[in-house]
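What follows is coords.txt (compact mmCIF, C-alpha atoms).
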```txt
# COMPACT_ATOMS: atom_id res chain seq x y z
CA MET A 5 -7.36 -196.81 16.96
CA ARG A 6 -4.13 -195.14 15.99
CA ASP A 7 -1.45 -194.66 18.65
CA THR A 8 -1.01 -191.24 20.13
CA PRO A 9 2.43 -189.63 19.89
CA ARG A 10 3.15 -190.62 23.48
CA GLU A 11 2.21 -194.23 22.76
CA LEU A 12 4.59 -194.21 19.84
CA GLN A 13 7.25 -192.71 22.09
CA ALA A 14 6.67 -195.47 24.61
CA GLU A 15 7.59 -198.02 21.97
CA GLN A 16 10.90 -196.35 21.18
CA PRO A 17 13.88 -198.45 22.35
CA GLY A 18 15.57 -195.39 23.87
CA LEU A 19 12.82 -194.88 26.43
CA TYR A 20 12.81 -198.50 27.48
CA ARG A 21 16.59 -198.46 27.86
CA GLN A 22 16.19 -195.54 30.22
CA VAL A 23 13.56 -197.46 32.18
CA ILE A 24 15.91 -200.44 32.58
CA VAL A 25 18.73 -198.19 33.78
CA LEU A 26 16.42 -196.54 36.31
CA ALA A 27 15.42 -200.00 37.54
CA LEU A 28 19.10 -200.80 38.18
CA PHE A 29 19.54 -197.57 40.14
CA LYS A 30 16.43 -198.42 42.17
CA LEU A 31 17.93 -201.85 42.85
CA LEU A 32 20.92 -200.15 44.44
CA LEU A 33 18.81 -197.80 46.57
CA ASN A 34 16.47 -200.59 47.63
CA THR A 35 19.41 -202.74 48.73
CA GLY A 36 20.78 -199.83 50.74
CA ARG A 37 17.45 -199.44 52.51
CA ARG A 38 16.58 -203.10 53.06
CA PHE A 39 19.79 -204.91 53.95
CA VAL A 40 19.57 -203.76 57.59
CA TYR A 41 16.35 -205.76 58.12
CA PRO A 42 17.59 -209.36 57.86
CA PHE A 43 21.02 -208.49 59.27
CA ALA A 44 19.69 -206.59 62.29
CA PRO A 45 21.18 -209.21 64.66
CA ALA A 46 24.57 -208.88 62.91
CA PHE A 47 24.40 -205.07 63.15
CA SER A 48 23.55 -205.43 66.83
CA ARG A 49 26.61 -207.58 67.51
CA SER A 50 28.97 -205.49 65.37
CA LEU A 51 27.94 -202.15 66.90
CA PHE A 52 27.65 -203.57 70.46
CA VAL A 53 24.07 -202.41 70.92
CA PRO A 54 20.81 -204.28 71.65
CA LEU A 55 18.56 -205.38 68.81
CA THR A 56 16.03 -202.67 69.71
CA ALA A 57 18.68 -200.05 68.91
CA ILE A 58 18.93 -201.42 65.37
CA THR A 59 15.17 -201.48 64.90
CA SER A 60 15.23 -197.83 65.99
CA ILE A 61 17.59 -197.09 63.08
CA ILE A 62 15.19 -198.84 60.71
CA ALA A 63 12.23 -196.90 62.06
CA ALA A 64 14.08 -193.58 61.82
CA SER A 65 15.12 -194.40 58.25
CA GLN A 66 11.49 -194.90 57.32
CA PHE A 67 10.69 -191.58 58.98
CA THR A 68 12.74 -189.80 56.29
CA SER A 69 9.89 -190.59 53.90
CA ILE A 70 7.98 -187.71 55.48
CA LEU A 71 10.40 -185.33 53.78
CA GLY A 72 9.10 -186.71 50.50
CA LEU A 73 5.99 -184.60 51.04
CA PHE A 74 8.18 -181.60 50.21
CA CYS A 75 10.57 -183.28 47.78
CA GLY A 76 7.72 -184.40 45.51
CA PRO A 77 6.51 -180.88 44.69
CA LEU A 78 10.14 -179.86 44.22
CA ALA A 79 10.60 -182.65 41.70
CA ASP A 80 7.55 -181.41 39.78
CA ARG A 81 9.26 -178.01 39.60
CA LEU A 82 13.01 -178.69 39.40
CA GLY A 83 12.83 -181.78 37.22
CA TYR A 84 12.88 -185.53 37.67
CA ARG A 85 16.47 -186.13 36.58
CA THR A 86 17.74 -183.54 39.05
CA MET A 87 15.99 -185.21 41.97
CA MET A 88 17.24 -188.64 40.91
CA ARG A 89 20.83 -187.39 41.02
CA TYR A 90 20.27 -185.91 44.47
CA GLY A 91 18.93 -189.28 45.60
CA LEU A 92 21.97 -191.21 44.42
CA GLY A 93 24.23 -188.54 45.91
CA PHE A 94 22.70 -188.94 49.36
CA LEU A 95 23.06 -192.72 49.16
CA CYS A 96 26.73 -192.35 48.25
CA LEU A 97 27.40 -189.90 51.08
CA GLY A 98 25.48 -191.86 53.69
CA MET A 99 27.19 -195.17 52.97
CA LEU A 100 30.60 -193.50 52.89
CA ILE A 101 29.98 -192.04 56.35
CA CYS A 102 28.96 -195.47 57.66
CA GLY A 103 32.07 -197.09 56.21
CA LEU A 104 34.49 -194.53 57.62
CA PHE A 105 33.15 -194.55 61.17
CA THR A 106 31.42 -197.79 62.21
CA THR A 107 30.08 -196.59 65.54
CA TYR A 108 26.39 -196.65 66.40
CA TRP A 109 25.46 -192.98 66.12
CA VAL A 110 27.55 -192.39 63.00
CA VAL A 111 25.99 -195.41 61.31
CA PHE A 112 22.61 -194.12 62.47
CA ALA A 113 23.25 -190.78 60.72
CA GLY A 114 24.68 -192.40 57.60
CA LEU A 115 21.74 -194.74 57.14
CA LEU A 116 19.35 -191.81 57.56
CA ALA A 117 21.16 -189.97 54.76
CA ALA A 118 21.01 -193.07 52.55
CA SER A 119 17.29 -193.47 53.25
CA LEU A 120 16.72 -189.83 52.32
CA GLY A 121 18.32 -190.66 48.97
CA LYS A 122 15.63 -193.25 48.29
CA THR A 123 12.99 -190.74 49.39
CA LEU A 124 14.25 -188.28 46.77
CA PHE A 125 14.72 -190.84 44.02
CA ASP A 126 11.57 -192.96 44.01
CA PRO A 127 8.83 -190.34 43.40
CA ALA A 128 10.88 -188.81 40.58
CA VAL A 129 11.18 -192.20 38.86
CA GLN A 130 7.46 -192.95 39.12
CA ALA A 131 6.59 -189.46 37.88
CA PHE A 132 8.98 -189.87 34.94
CA ILE A 133 7.19 -193.08 33.98
CA GLY A 134 3.76 -191.52 34.47
CA LYS A 135 4.71 -188.66 32.20
CA ASN A 136 6.11 -190.80 29.39
CA ILE A 137 4.14 -194.07 29.48
CA PRO A 138 0.41 -194.17 28.58
CA PHE A 139 -1.99 -195.31 31.30
CA GLN A 140 -2.96 -198.44 29.35
CA ARG A 141 0.63 -199.72 29.55
CA ARG A 142 1.69 -198.25 32.87
CA GLY A 143 1.07 -201.36 34.97
CA ARG A 144 3.44 -203.32 32.76
CA VAL A 145 6.24 -200.75 32.83
CA ILE A 146 6.04 -199.98 36.54
CA GLY A 147 5.88 -203.71 37.23
CA ILE A 148 9.17 -204.08 35.35
CA VAL A 149 10.83 -201.19 37.20
CA GLU A 150 9.63 -202.46 40.57
CA MET A 151 11.38 -205.77 39.95
CA SER A 152 14.30 -203.88 41.46
CA TRP A 153 12.55 -204.29 44.82
CA ALA A 154 12.69 -208.07 44.45
CA GLY A 155 16.20 -207.78 43.07
CA SER A 156 17.37 -206.29 46.34
CA THR A 157 16.42 -209.49 48.16
CA LEU A 158 17.33 -211.90 45.37
CA VAL A 159 20.70 -210.36 44.54
CA GLY A 160 21.67 -207.35 46.64
CA ILE A 161 21.08 -208.64 50.18
CA PRO A 162 22.52 -212.17 49.65
CA LEU A 163 25.68 -210.68 48.11
CA LEU A 164 26.01 -208.21 50.95
CA GLY A 165 25.53 -211.11 53.35
CA LEU A 166 28.61 -212.76 51.87
CA VAL A 167 30.55 -209.50 52.08
CA ILE A 168 29.56 -208.93 55.71
CA ALA A 169 30.37 -212.52 56.67
CA LYS A 170 33.79 -212.44 55.00
CA SER A 171 34.93 -208.81 55.38
CA GLY A 172 32.65 -207.06 57.86
CA LEU A 173 30.13 -204.23 57.71
CA GLY A 174 32.65 -201.56 56.67
CA VAL A 175 33.40 -203.12 53.30
CA SER A 176 29.70 -203.48 52.47
CA PHE A 177 29.21 -199.76 53.15
CA PHE A 178 32.12 -198.79 50.88
CA LEU A 179 30.81 -201.03 48.11
CA LEU A 180 27.37 -199.41 48.17
CA SER A 181 28.94 -195.94 48.25
CA PHE A 182 31.11 -196.66 45.20
CA LEU A 183 28.24 -198.08 43.14
CA SER A 184 25.96 -195.16 43.97
CA PHE A 185 28.70 -192.73 42.93
CA LEU A 186 28.86 -194.44 39.54
CA GLY A 187 25.08 -194.03 39.24
CA TRP A 188 25.22 -190.36 40.21
CA PHE A 189 27.92 -189.72 37.62
CA SER A 190 26.22 -191.59 34.77
CA ILE A 191 22.57 -190.56 35.13
CA ARG A 192 23.22 -187.13 33.64
CA ARG A 193 24.36 -188.77 30.41
CA LEU A 194 21.67 -191.43 30.31
CA LEU A 195 18.56 -189.27 30.81
CA PRO A 196 17.46 -186.21 28.82
CA PRO A 197 17.67 -182.77 30.46
CA ASP A 198 14.74 -181.73 32.63
CA GLU A 199 12.09 -179.61 30.95
CA LYS A 200 11.36 -176.26 32.52
CA THR A 201 7.69 -175.52 33.16
CA SER A 202 5.67 -172.62 34.44
CA THR A 203 5.35 -174.39 37.81
CA ASP A 204 9.01 -173.62 38.44
CA ARG A 205 8.04 -170.11 39.59
CA LYS A 206 5.22 -170.93 41.96
CA GLY A 207 7.58 -170.98 44.93
CA VAL A 208 6.65 -171.98 48.46
CA ALA A 209 2.97 -171.08 48.07
CA GLY A 210 2.65 -173.40 45.10
CA LEU A 211 4.44 -176.17 46.98
CA PHE A 212 1.99 -176.10 49.89
CA SER A 213 -0.92 -175.76 47.49
CA SER A 214 0.14 -179.04 45.87
CA LEU A 215 0.31 -180.73 49.26
CA LYS A 216 -3.21 -179.62 50.15
CA GLN A 217 -4.54 -181.46 47.13
CA LEU A 218 -3.40 -184.75 48.64
CA VAL A 219 -6.04 -184.31 51.35
CA LYS A 220 -8.76 -182.60 49.30
CA ASN A 221 -8.64 -185.18 46.51
CA ARG A 222 -10.66 -188.16 47.79
CA PRO A 223 -9.02 -190.83 45.59
CA ALA A 224 -5.59 -189.52 46.60
CA ALA A 225 -6.51 -189.45 50.30
CA GLY A 226 -7.90 -192.97 50.14
CA MET A 227 -4.76 -194.24 48.42
CA LEU A 228 -2.52 -192.61 51.03
CA SER A 229 -4.50 -194.25 53.84
CA PHE A 230 -4.33 -197.59 52.06
CA GLY A 231 -0.54 -197.37 51.79
CA PHE A 232 -0.23 -196.41 55.45
CA TRP A 233 -2.12 -199.39 56.86
CA ILE A 234 -0.72 -202.14 54.65
CA SER A 235 2.82 -200.85 55.25
CA ILE A 236 2.39 -201.14 59.02
CA ALA A 237 1.23 -204.70 58.48
CA ASN A 238 4.05 -205.81 56.19
CA ASP A 239 6.98 -204.22 58.02
CA SER A 240 5.81 -205.49 61.40
CA LEU A 241 6.44 -208.96 59.97
CA PHE A 242 9.54 -208.15 57.92
CA VAL A 243 11.41 -206.68 60.90
CA VAL A 244 11.00 -209.81 63.05
CA TYR A 245 11.22 -212.64 60.55
CA GLY A 246 15.01 -212.81 60.91
CA ALA A 247 14.67 -213.23 64.66
CA TRP A 248 11.87 -215.77 64.09
CA PHE A 249 14.05 -217.88 61.80
CA GLU A 250 17.05 -217.65 64.13
CA GLN A 251 15.05 -218.62 67.20
CA ALA A 252 12.81 -221.30 65.69
CA PHE A 253 15.18 -222.91 63.18
CA HIS A 254 18.69 -221.88 64.37
CA VAL A 255 19.81 -220.67 60.95
CA SER A 256 23.30 -219.24 60.37
CA LEU A 257 24.03 -215.69 59.21
CA ILE A 258 24.68 -216.77 55.63
CA THR A 259 21.57 -218.98 55.61
CA LEU A 260 19.55 -216.08 56.96
CA GLY A 261 20.89 -213.85 54.18
CA PHE A 262 19.94 -216.36 51.54
CA SER A 263 16.55 -216.94 53.16
CA THR A 264 15.68 -213.54 51.70
CA VAL A 265 15.79 -215.26 48.31
CA ILE A 266 12.35 -216.75 49.01
CA ILE A 267 11.01 -213.27 49.76
CA GLY A 268 12.71 -211.91 46.67
CA ALA A 269 11.22 -214.71 44.58
CA ALA A 270 7.75 -213.89 45.93
CA GLU A 271 8.24 -210.20 45.17
CA LEU A 272 9.55 -210.98 41.70
CA CYS A 273 6.52 -213.16 41.01
CA GLY A 274 4.24 -210.42 42.29
CA GLU A 275 5.91 -207.78 40.14
CA SER A 276 5.88 -210.09 37.13
CA LEU A 277 2.19 -210.87 37.58
CA THR A 278 1.53 -207.13 37.89
CA ALA A 279 3.43 -206.45 34.66
CA LEU A 280 1.64 -209.23 32.81
CA PHE A 281 -1.95 -208.99 34.03
CA SER A 282 -2.74 -205.81 35.98
CA ASP A 283 -3.53 -203.73 32.90
CA ARG A 284 -5.81 -206.47 31.56
CA LEU A 285 -7.55 -207.17 34.85
CA GLY A 286 -7.86 -203.49 35.75
CA LEU A 287 -5.61 -201.79 38.24
CA LYS A 288 -8.25 -201.31 40.95
CA ARG A 289 -9.46 -204.89 40.71
CA ALA A 290 -5.91 -206.23 40.81
CA ILE A 291 -5.17 -204.32 44.03
CA ILE A 292 -8.31 -205.69 45.71
CA VAL A 293 -7.45 -209.28 44.72
CA GLY A 294 -3.93 -208.85 46.10
CA LEU A 295 -5.22 -207.49 49.42
CA ILE A 296 -7.67 -210.34 49.93
CA LEU A 297 -4.89 -212.85 49.26
CA ALA A 298 -2.60 -210.99 51.67
CA ILE A 299 -5.14 -211.13 54.51
CA GLY A 300 -5.52 -214.88 54.04
CA SER A 301 -1.74 -215.38 53.92
CA TYR A 302 -1.15 -213.49 57.17
CA LEU A 303 -3.82 -215.55 58.91
CA LEU A 304 -2.27 -218.82 57.73
CA LEU A 305 1.34 -217.97 58.58
CA PRO A 306 1.37 -219.21 62.22
CA PHE A 307 -0.03 -222.58 61.10
CA LEU A 308 2.73 -222.92 58.48
CA GLY A 309 5.58 -222.06 60.85
CA HIS A 310 6.35 -225.50 62.27
CA THR A 311 9.21 -226.27 59.86
CA LEU A 312 11.57 -224.04 57.90
CA PRO A 313 10.20 -225.07 54.46
CA LEU A 314 6.62 -224.39 55.57
CA ALA A 315 7.62 -221.09 57.16
CA MET A 316 9.30 -220.03 53.92
CA THR A 317 6.18 -221.05 52.00
CA GLY A 318 4.10 -218.83 54.26
CA MET A 319 6.49 -215.90 53.78
CA PHE A 320 6.34 -216.46 50.03
CA LEU A 321 2.53 -216.18 50.03
CA VAL A 322 2.58 -213.05 52.20
CA PHE A 323 5.08 -211.16 50.08
CA LEU A 324 3.61 -212.34 46.77
CA SER A 325 0.16 -210.95 47.59
CA PHE A 326 1.52 -207.80 49.23
CA GLU A 327 3.71 -207.02 46.24
CA ILE A 328 0.85 -207.39 43.78
CA SER A 329 -1.17 -204.87 45.78
CA MET A 330 1.64 -202.39 46.33
CA VAL A 331 3.14 -202.35 42.82
CA THR A 332 -0.25 -202.09 41.15
CA SER A 333 -1.10 -199.19 43.45
CA PHE A 334 1.97 -197.32 42.14
CA SER A 335 0.58 -197.53 38.61
CA LEU A 336 -2.83 -196.30 39.67
CA SER A 337 -1.43 -193.53 41.87
CA THR A 338 0.47 -191.94 38.99
CA GLU A 339 -2.89 -191.04 37.43
CA LEU A 340 -4.82 -189.78 40.47
CA MET A 341 -3.21 -186.31 40.23
CA PRO A 342 -1.83 -186.06 36.67
CA GLU A 343 -0.91 -182.41 37.09
CA ALA A 344 1.34 -183.23 40.08
CA ARG A 345 2.50 -186.81 39.71
CA ALA A 346 5.67 -186.50 41.77
CA THR A 347 3.70 -184.82 44.55
CA MET A 348 1.20 -187.67 44.61
CA MET A 349 3.88 -190.35 44.56
CA ALA A 350 5.91 -188.57 47.24
CA GLY A 351 2.81 -188.37 49.41
CA PHE A 352 2.18 -192.07 48.89
CA TYR A 353 5.77 -192.94 49.77
CA ALA A 354 5.64 -190.62 52.78
CA THR A 355 2.51 -192.13 54.32
CA SER A 356 3.74 -195.63 53.50
CA GLY A 357 7.08 -194.77 55.08
CA ILE A 358 5.35 -193.58 58.24
CA GLY A 359 3.45 -196.84 58.23
CA ARG A 360 6.67 -198.82 57.86
CA MET A 361 8.23 -196.87 60.71
CA ILE A 362 5.28 -197.68 62.96
CA GLY A 363 5.32 -201.27 61.72
CA VAL A 364 8.95 -201.70 62.77
CA LEU A 365 8.15 -200.52 66.28
CA VAL A 366 4.87 -202.42 66.52
CA GLY A 367 6.44 -205.59 65.17
CA ALA A 368 9.11 -205.66 67.86
CA VAL A 369 6.49 -205.18 70.59
CA LEU A 370 4.13 -207.80 69.16
CA TRP A 371 7.00 -210.27 68.77
CA LYS A 372 7.86 -209.98 72.46
CA ALA A 373 4.20 -210.17 73.49
CA GLY A 374 2.93 -213.07 71.40
CA GLY A 375 5.48 -214.26 68.89
CA ILE A 376 4.72 -214.81 65.23
CA THR A 377 1.00 -215.38 65.84
CA ALA A 378 0.51 -211.91 67.32
CA VAL A 379 2.50 -210.31 64.52
CA ALA A 380 0.77 -212.13 61.65
CA TRP A 381 -2.81 -211.83 62.85
CA THR A 382 -2.42 -208.14 63.66
CA ALA A 383 -1.02 -207.67 60.15
CA ALA A 384 -4.12 -209.33 58.71
CA GLY A 385 -6.40 -206.90 60.56
CA LEU A 386 -4.39 -203.87 59.48
CA THR A 387 -4.46 -205.02 55.86
CA GLY A 388 -8.24 -205.25 56.12
CA ILE A 389 -8.34 -201.59 57.18
CA GLY A 390 -6.20 -200.78 54.15
CA LEU A 391 -8.72 -202.53 51.89
CA PHE A 392 -11.60 -200.46 53.25
CA SER A 393 -9.55 -197.26 52.80
CA LEU A 394 -8.94 -198.14 49.17
CA LEU A 395 -12.60 -198.88 48.49
CA TRP A 396 -13.65 -195.59 50.11
CA GLY A 397 -11.15 -193.50 48.16
CA LEU A 398 -11.73 -195.03 44.74
CA HIS A 399 -15.51 -195.27 44.96
CA GLY A 400 -16.80 -193.80 41.72
CA TRP A 401 -13.33 -192.94 40.36
CA ARG A 402 -12.69 -193.57 36.67
CA HIS A 403 -9.66 -192.87 34.56
CA LYS A 404 -10.31 -189.90 32.27
CA PRO A 405 -8.21 -189.92 29.09
CA PRO A 406 -6.80 -186.49 28.15
CA LEU A 407 -9.01 -184.47 25.85
CA ILE A 408 -5.97 -183.37 23.87
CA LYS A 409 -3.54 -186.01 22.74
CA PRO A 410 -0.29 -185.90 24.71
CA GLY A 411 2.61 -184.50 22.77
CA LEU A 412 0.53 -182.35 20.41
```
Now that the file is in, can you turn its structure into structure tokens?
Amino acid sequence: MRDTPRELQAEQPGLYRQVIVLALFKLLLNTGRRFVYPFAPAFSRSLFVPLTAITSIIAASQFTSILGLFCGPLADRLGYRTMMRYGLGFLCLGMLICGLFTTYWVVFAGLLAASLGKTLFDPAVQAFIGKNIPFQRRGRVIGIVEMSWAGSTLVGIPLLGLVIAKSGLGVSFFLLSFLSFLGWFSIRRLLPPDEKTSTDRKGVAGLFSSLKQLVKNRPAAGMLSFGFWISIANDSLFVVYGAWFEQAFHVSLITLGFSTVIIGAAELCGESLTALFSDRLGLKRAIIVGLILAIGSYLLLPFLGHTLPLAMTGMFLVFLSFEISMVTSFSLSTELMPEARATMMAGFYATSGIGRMIGVLVGAVLWKAGGITAVAWTAAGLTGIGLFSLLWGLHGWRHKPPLIKPGL
């Protein structure tokens, strides 16, 4: 079969260069969102507040994902490049505020602004890929872009750990602000101008109409529920693993920072496996396999937590399986509502963000109540609910190739 014009476009080096650049920008935004997690104890000491105050910042930052429900439809109307620039701009502003005034409530506000930047940026990137990459290759390309998530733990967080240990929180904030400003400035030159469409004039009524489809469309609703439950599960563990390692193994701040390398390696492996095999295995089947592996990994984690190497092995298995499920779900989600890709992805990020927010709060409570066993086994049960949500939503769904070749 001959390639369609879009398939030929996907092979052009220019498009892939843009994808790599977007992955680097996502690396920056992901680092800005995630570095609070492992360094929550350090934030607590630096800002002279209890650890629960820092977990409240993390939870509130995840809450900004709700705004994505409105930003997604706006991205479908205003353009993907425009929303990406807004995202980098908010990251720059938020980190600058944190660096200038390192007091609790100012840092709280600055991190919320930075998190809003990620909320604006991510759906626009996924929609850009969905628009330009054919469905048969989408798992590979999105897997490559989502390596930026692993990069934040493999590169971004360890480097920031060194900066924080040597120079303090303020310098790390200024560094992230400067890098995001460079991204904001350069993205206009690196990406083509946004195309104007007839949806630009639909206004508020059209925006809410797009949001209604997230509930009326069964595959979309099932995918949103799936993202919600598995995000509660994963973040309930992620928010307490730093405290677990400090308490059980007495690791130093720098060691704790570099312990994220094992999580980053797991995520990188998951994203690489997604890029290599998800299209061949089938996106739906790949998600199910990842979820089953995740449930087993959560259940095993307390039994592997007697020594630091075993604990790290358990964390590796958890994040490997979770990442396979999550990244593959991005690829599939971009095709559930082809006429409103950014809206669908924003909805997915929003419900997942709500789940992460709840997970942060639940994780802290479970940790106090029953330690790592309570956290891990509850995560296994919640992931099981996510699996059933996915099966319900995608029952009978099949990808329908466009009747008219894209680009003609």
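Proximity to Val175 (chain A) was assessed for A:Trp233, A:Gly103, A:Val111, A:Gly359 counting all atoms listed in the file; the smallest distance is recorded for A:Gly103.
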Which polymer residues have any atom within 9 Å of an atom of Leu228 (chain A), counting only C-alpha atoms, with same-chain residues fewer than 2 positions away left out, as a ChimeraX atom specification?
-> /A:218,223-226,230-233,348,351-356,393-394
Grab all the atoms of region 136-144 of chain A that the file lists, wrap them in a box along x, y and z, add 5 Å per side, and give me centre plus edge lengths in Å (one decimal) as JSON.
```
{"center_x": 1.6, "center_y": -197.1, "center_z": 31.8, "size_x": 19.1, "size_y": 22.5, "size_z": 16.4}
```
Kindly assemble as CSV a list of the region 225-316 of chain A residues that lie within 8 Å of region 140-159 of chain A, each paired with its nearest atom pair and their distance in Å to one decimal, using all atoms listed in the file, sorted first by chain and then by ascending residue number.
```
residue,atom,partner,partner_atom,distance
A:Thr264,CA,A:Thr157,CA,5.4
A:Val265,CA,A:Leu158,CA,4.7
A:Ile266,CA,A:Leu158,CA,7.8
A:Ile267,CA,A:Thr157,CA,6.8
A:Gly268,CA,A:Ala154,CA,4.4
A:Ala269,CA,A:Leu158,CA,6.8
A:Ala270,CA,A:Ala154,CA,7.8
A:Glu271,CA,A:Ala154,CA,5.0
A:Leu272,CA,A:Ala154,CA,5.1
A:Glu275,CA,A:Gly147,CA,5.0
A:Ser276,CA,A:Gly147,CA,6.4
A:Thr278,CA,A:Gly147,CA,5.6
A:Ala279,CA,A:Arg144,CA,3.7
A:Leu280,CA,A:Arg144,CA,6.2
A:Phe281,CA,A:Arg144,CA,7.9
A:Ser282,CA,A:Gly143,CA,5.9
A:Asp283,CA,A:Gly143,CA,5.6
A:Leu287,CA,A:Gly143,CA,7.4
```
Between CA of Ile292 (chain A) and CA of Leu324 (chain A), measure the distance and give it in Å to one decimal.
-> 13.7 Å
What gap, in Å, lies between CA of Phe249 (chain A) and CA of Leu51 (chain A)?
->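 Separation between CA of Phe249 (chain A) and CA of Leu51 (chain A): 21.6 Å.
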Given all atoms listed in the file as the counted atoms, nearest of A:Thr377, A:Met361, A:Leu164, A:Lys170 to His310 (chain A) =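 Result for the nearest residue to His310 (chain A): A:Thr377.
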Check the smallest atom-to-atom distance from each of A:Ser176, A:Ser60, A:Ser337, A:Ser119 to Leu104 (chain A) using all atoms listed in the file, then report the winner.
-> A:Ser176
Residues within 10 Å of Val40 (chain A), all atoms listed in the file, excluding chain neighbours under 3 positions, as a PyMOL selection string = chain A and resi 35-37+43-47+58-59+61-62+115+161+243
Atomic distance CA of Phe392 (chain A) - CA of Gly294 (chain A), expressed in Å with one decimal = 13.4 Å
Choose the residue, out of A:Leu55, A:Leu386, A:Met330, A:Ala169, that has the smallest atom-to-atom separation from Gly246 (chain A); count all atoms listed in the file.
->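 The shortest atom-to-atom distance to Gly246 (chain A) comes from A:Leu55.
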Which residues, written as a list in words, have at least one atom at most 9 Å from Arg345 (chain A), with all atoms listed in the file counted and residues fewer than 3 positions away on the same chain left out?
->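 Counting only the stated atoms, we get Gly76, Pro77, Asp80, Pro127, Ala128, Gln130, Ala131, Phe132, Gly134, Lys135, Ser337, Thr338, Glu339, Leu340, Met341, Pro342, Met348, Met349 and Ala350 of chain A.
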Could I get region 52-65 of chain A from the block written out with N, CA and C atoms, as a PDB file, in the first residue's frame?
```
ATOM      1  N   PHE A  52      10.628  25.930  56.543  1.00  0.00           N
ATOM      2  CA  PHE A  52      10.222  25.896  57.956  1.00  0.00           C
ATOM      3  C   PHE A  52       8.739  25.561  58.125  1.00  0.00           C
ATOM      4  N   VAL A  53       8.313  24.538  57.391  1.00  0.00           N
ATOM      5  CA  VAL A  53       6.933  24.072  57.479  1.00  0.00           C
ATOM      6  C   VAL A  53       6.948  22.553  57.600  1.00  0.00           C
ATOM      7  N   PRO A  54       5.871  21.946  58.122  1.00  0.00           N
ATOM      8  CA  PRO A  54       5.828  20.477  58.200  1.00  0.00           C
ATOM      9  C   PRO A  54       5.734  19.846  56.822  1.00  0.00           C
ATOM     10  N   LEU A  55       6.044  18.559  56.760  1.00  0.00           N
ATOM     11  CA  LEU A  55       6.020  17.836  55.493  1.00  0.00           C
ATOM     12  C   LEU A  55       4.631  17.868  54.855  1.00  0.00           C
ATOM     13  N   THR A  56       3.586  17.833  55.672  1.00  0.00           N
ATOM     14  CA  THR A  56       2.228  17.861  55.134  1.00  0.00           C
ATOM     15  C   THR A  56       1.943  19.157  54.374  1.00  0.00           C
ATOM     16  N   ALA A  57       2.618  20.245  54.755  1.00  0.00           N
ATOM     17  CA  ALA A  57       2.443  21.505  54.026  1.00  0.00           C
ATOM     18  C   ALA A  57       3.017  21.404  52.620  1.00  0.00           C
ATOM     19  N   ILE A  58       4.090  20.642  52.456  1.00  0.00           N
ATOM     20  CA  ILE A  58       4.689  20.465  51.135  1.00  0.00           C
ATOM     21  C   ILE A  58       3.818  19.537  50.286  1.00  0.00           C
ATOM     22  N   THR A  59       3.298  18.479  50.889  1.00  0.00           N
ATOM     23  CA  THR A  59       2.408  17.610  50.119  1.00  0.00           C
ATOM     24  C   THR A  59       1.149  18.355  49.697  1.00  0.00           C
ATOM     25  N   SER A  60       0.751  19.363  50.470  1.00  0.00           N
ATOM     26  CA  SER A  60      -0.391  20.194  50.073  1.00  0.00           C
ATOM     27  C   SER A  60      -0.065  21.000  48.820  1.00  0.00           C
ATOM     28  N   ILE A  61       1.169  21.482  48.710  1.00  0.00           N
ATOM     29  CA  ILE A  61       1.594  22.179  47.487  1.00  0.00           C
ATOM     30  C   ILE A  61       1.514  21.242  46.291  1.00  0.00           C
ATOM     31  N   ILE A  62       2.007  20.013  46.477  1.00  0.00           N
ATOM     32  CA  ILE A  62       1.992  19.034  45.391  1.00  0.00           C
ATOM     33  C   ILE A  62       0.559  18.742  44.959  1.00  0.00           C
ATOM     34  N   ALA A  63      -0.317  18.558  45.941  1.00  0.00           N
ATOM     35  CA  ALA A  63      -1.714  18.267  45.627  1.00  0.00           C
ATOM     36  C   ALA A  63      -2.363  19.430  44.894  1.00  0.00           C
ATOM     37  N   ALA A  64      -2.107  20.656  45.364  1.00  0.00           N
ATOM     38  CA  ALA A  64      -2.686  21.832  44.708  1.00  0.00           C
ATOM     39  C   ALA A  64      -2.143  22.001  43.294  1.00  0.00           C
ATOM     40  N   SER A  65      -0.873  21.663  43.091  1.00  0.00           N
ATOM     41  CA  SER A  65      -0.288  21.747  41.756  1.00  0.00           C
ATOM     42  C   SER A  65      -0.984  20.794  40.804  1.00  0.00           C
TER      43      SER A  65
END
```
